[in-house]
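The block underneath contains the structure these notes are about, expressed in structure tokens.
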Amino acid sequence: MTIGYSEGFHDAALCIIENGIIVNADHAERWSRKKHDKKLCLKPYIIDPKEKVGFYERPLLKKTRQFFAGQFKTALKPRKLPIKPDKCFPHHLCHAAAAFQTSNFEEAACVVVDSIGEWDTSSIWKAKMINGKAKYKKIWSYRYPKSIGLWYTALTKWAGWKPLDEEYIFMGQAAFGRSDNYTTEILQDILYSNCHKGVNQRFQKYLKDKTPENVAKCAQILLEDSLIKIFKHAKQYSDNICYGGGVALNCVANSKLQKMCNLWIMPNPGDAGGSLGAAALITREKIKFTPYTGFNIDRPCFPSDVVDILLSDGRCGIANGKAEFGPRALGNRSLLGDPRTMKMKRHMNKIKKRHKFRPFAPAILEEHAQDYFDMPKESRYMSYVYNCKKPKEIPAALHVDNSARVQTVPKDSPSVLRPILERWYEKTGCPVLLNTSLNIWGEPMVHTWEQAEHFAKFHRVTVL
């Protein structure tokens, strides 16, 4: 058994792997109820001191970059880790390992793009299984202060959203905007400058007359162009690409990248997922991936009951089975809704206390996916966005541009979501349900049954 963890910056998490199986993987925020909690929560775990432990970054190397960046108080402050690691791995290598060792590839190029590791901000790694062990070699990188991720995060802050948290909202705003040459040139000039501090003043000076929607549109285009260049470089080494780092959560860009290669994105590619990479690097063995690795709510949940509630009330919460490891609900901690009327979209946003412009995602029986969306056969983890062929049939599950972050649910899915969708299709002829996370804006997803009961009581939603 090996243990890996991330801690100290944001999205702390712990992952336990045994014989290539993820025994448990949890976000700290699910236990502490503090969104993006950077402190590791050890209460749910019994750590055997005999087990090998990996940490998701090299603290001393990180301090050299903090000195360089002028963060002297942070750099001089002693770092005390909650679990003494046997090995500290490079941050970007943990992202690469989390992606490659959960993939089906025997060899691949690993692309990592985030705000910052120790010094690397974007990198390419050559990965190959040799005698059952993963071998890695870094072949290219951008280094601090040049950072695509920091640039996008700085723009997120300029637009009024929380950095390292609400980049996905900024991404969603792009669908409402228009690009123009002037804004694009400004953002291009700043793209590879130091966006770590002081950049907001430059944004305020040059973008003061621009709307967040138009800036988001220009930023999204430039982000995609930058990622395409990196992927073209990576393709020199392999047609198989494993993609990790926080920027891999930009599902709009991912859809463009998917057309370039055989692409695998581990659906928790950010810092929390780095804990999986740190654990995987101890053994270097392949990992059988499943997103359902968290706290288990072992209660009966009858699909017929869920569908009856959906037909009468339009929405129903699901808190059943093991919680998802990652930022997206995939059926075990979900709030499901009838996607066939726009009023359900407005109703769901009101329940979740979200902005009215924000979209929801459709969960669809996998065998019907290509009937409704212009997409490949599967997209099981909401990592990609596709255009809808039948927008009038499921308007509540679509964005303003009729696109959607699709989750296809296969016949062998371990989640109760599959039989619920089957029952829903049987009753309505619609193979789609609106699927959003069981939480309100700014709070972590429901984790335990007690939290599910609290959600049901205060938001007047039946949870099964």
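Ligands are numbered from 1 in the order shown, residues from 1 within each chain, and chains are lettered A, B, ... in the order they appear in the structure tokens.
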
Self-check item: For His10 (chain A): contacts at 12 Å, only C-alpha atoms, fewer than 5 positions along chain excluded, given as a PyMOL selection string
Solution: chain A and resi 5+27-29+34-40+115+163-165+246+270-274

Shell around Ser415 (chain A) at 12 Å using only C-alpha atoms, local window under 5 positions removed, as a PDB file with C-alpha atoms, in the first residue's frame:
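New file part29.pdb:
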```
ATOM      1  CA  THR A 290     -12.306   5.070 -11.011  1.00  0.00           C
ATOM      2  CA  PRO A 291     -13.610   8.457  -9.885  1.00  0.00           C
ATOM      3  CA  TYR A 292     -15.670   6.877  -7.086  1.00  0.00           C
ATOM      4  CA  THR A 293     -13.098   6.657  -4.292  1.00  0.00           C
ATOM      5  CA  ASN A 296     -19.184   5.551   1.057  1.00  0.00           C
ATOM      6  CA  CYS A 301     -31.462   4.126  -3.564  1.00  0.00           C
ATOM      7  CA  PRO A 303     -34.141   4.332  -9.393  1.00  0.00           C
ATOM      8  CA  ILE A 318     -28.512  11.742  -4.980  1.00  0.00           C
ATOM      9  CA  ALA A 319     -26.109  10.902  -2.135  1.00  0.00           C
ATOM     10  CA  ASN A 320     -25.273   7.269  -2.656  1.00  0.00           C
ATOM     11  CA  GLY A 321     -22.142   5.123  -2.917  1.00  0.00           C
ATOM     12  CA  LYS A 322     -18.562   6.384  -2.861  1.00  0.00           C
ATOM     13  CA  ALA A 323     -18.000  10.115  -3.325  1.00  0.00           C
ATOM     14  CA  GLU A 324     -16.308  11.333  -6.503  1.00  0.00           C
ATOM     15  CA  ALA A 329     -20.301  15.315  -9.521  1.00  0.00           C
ATOM     16  CA  LEU A 330     -20.696  12.168 -11.622  1.00  0.00           C
ATOM     17  CA  GLY A 331     -23.846  10.689 -10.153  1.00  0.00           C
ATOM     18  CA  ASN A 332     -23.014   9.794  -6.561  1.00  0.00           C
ATOM     19  CA  ARG A 333     -23.235  13.321  -5.117  1.00  0.00           C
ATOM     20  CA  SER A 334     -25.494  14.900  -7.718  1.00  0.00           C
ATOM     21  CA  ARG A 380     -17.443   9.913 -19.141  1.00  0.00           C
ATOM     22  CA  VAL A 409     -22.886   7.072 -18.622  1.00  0.00           C
ATOM     23  CA  PRO A 410     -21.916   3.567 -19.844  1.00  0.00           C
ATOM     24  CA  ILE A 420     -31.795   6.103 -12.924  1.00  0.00           C
ATOM     25  CA  LEU A 421     -31.179   7.261 -16.503  1.00  0.00           C
TER      26      LEU A 421
END
```

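For the set A:Lys84, A:Lys286, A:Arg143, A:Lys138, the residue with the smallest atom-to-atom gap to Ser103 (chain A) is A:Lys286, counting only C-alpha atoms.
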
Proximity of region 296-315 of chain A to region 423-446 of chain A: per-residue shortest pair, 9 Å limit, only C-alpha atoms, as a tab-separated table:
```
residue	atom	partner	partner_atom	distance
A:Pro303	CA	A:Arg423	CA	6.7
A:Ser304	CA	A:Arg423	CA	6.6
A:Val306	CA	A:Trp424	CA	8.9
A:Val307	CA	A:Trp424	CA	5.9
A:Asp308	CA	A:Trp424	CA	8.9
A:Leu310	CA	A:Trp424	CA	8.6
A:Leu311	CA	A:Trp424	CA	8.8
A:Arg315	CA	A:Leu434	CA	8.9
```

Quiz item: region 170-266 of chain A: which residues are alpha helix (DSSP H) by DSSP, as a VMD selection string?
Solution: chain A and resid 170 to 173 181 to 191 199 to 206 212 to 234 251 to 258

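Among the candidate residues A:Gly4, A:Pro267, A:Pro90, A:Pro339, the one lying nearest to Gly326 (chain A) is A:Pro267, with distances computed using only C-alpha atoms.
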
Exercise. Would you please work out which residue, of A:Gly20, A:Ser193, A:Ala216, A:Ala280, is nearest to Ala134 (chain A) when using only C-alpha atoms?
Key: A:Ala280
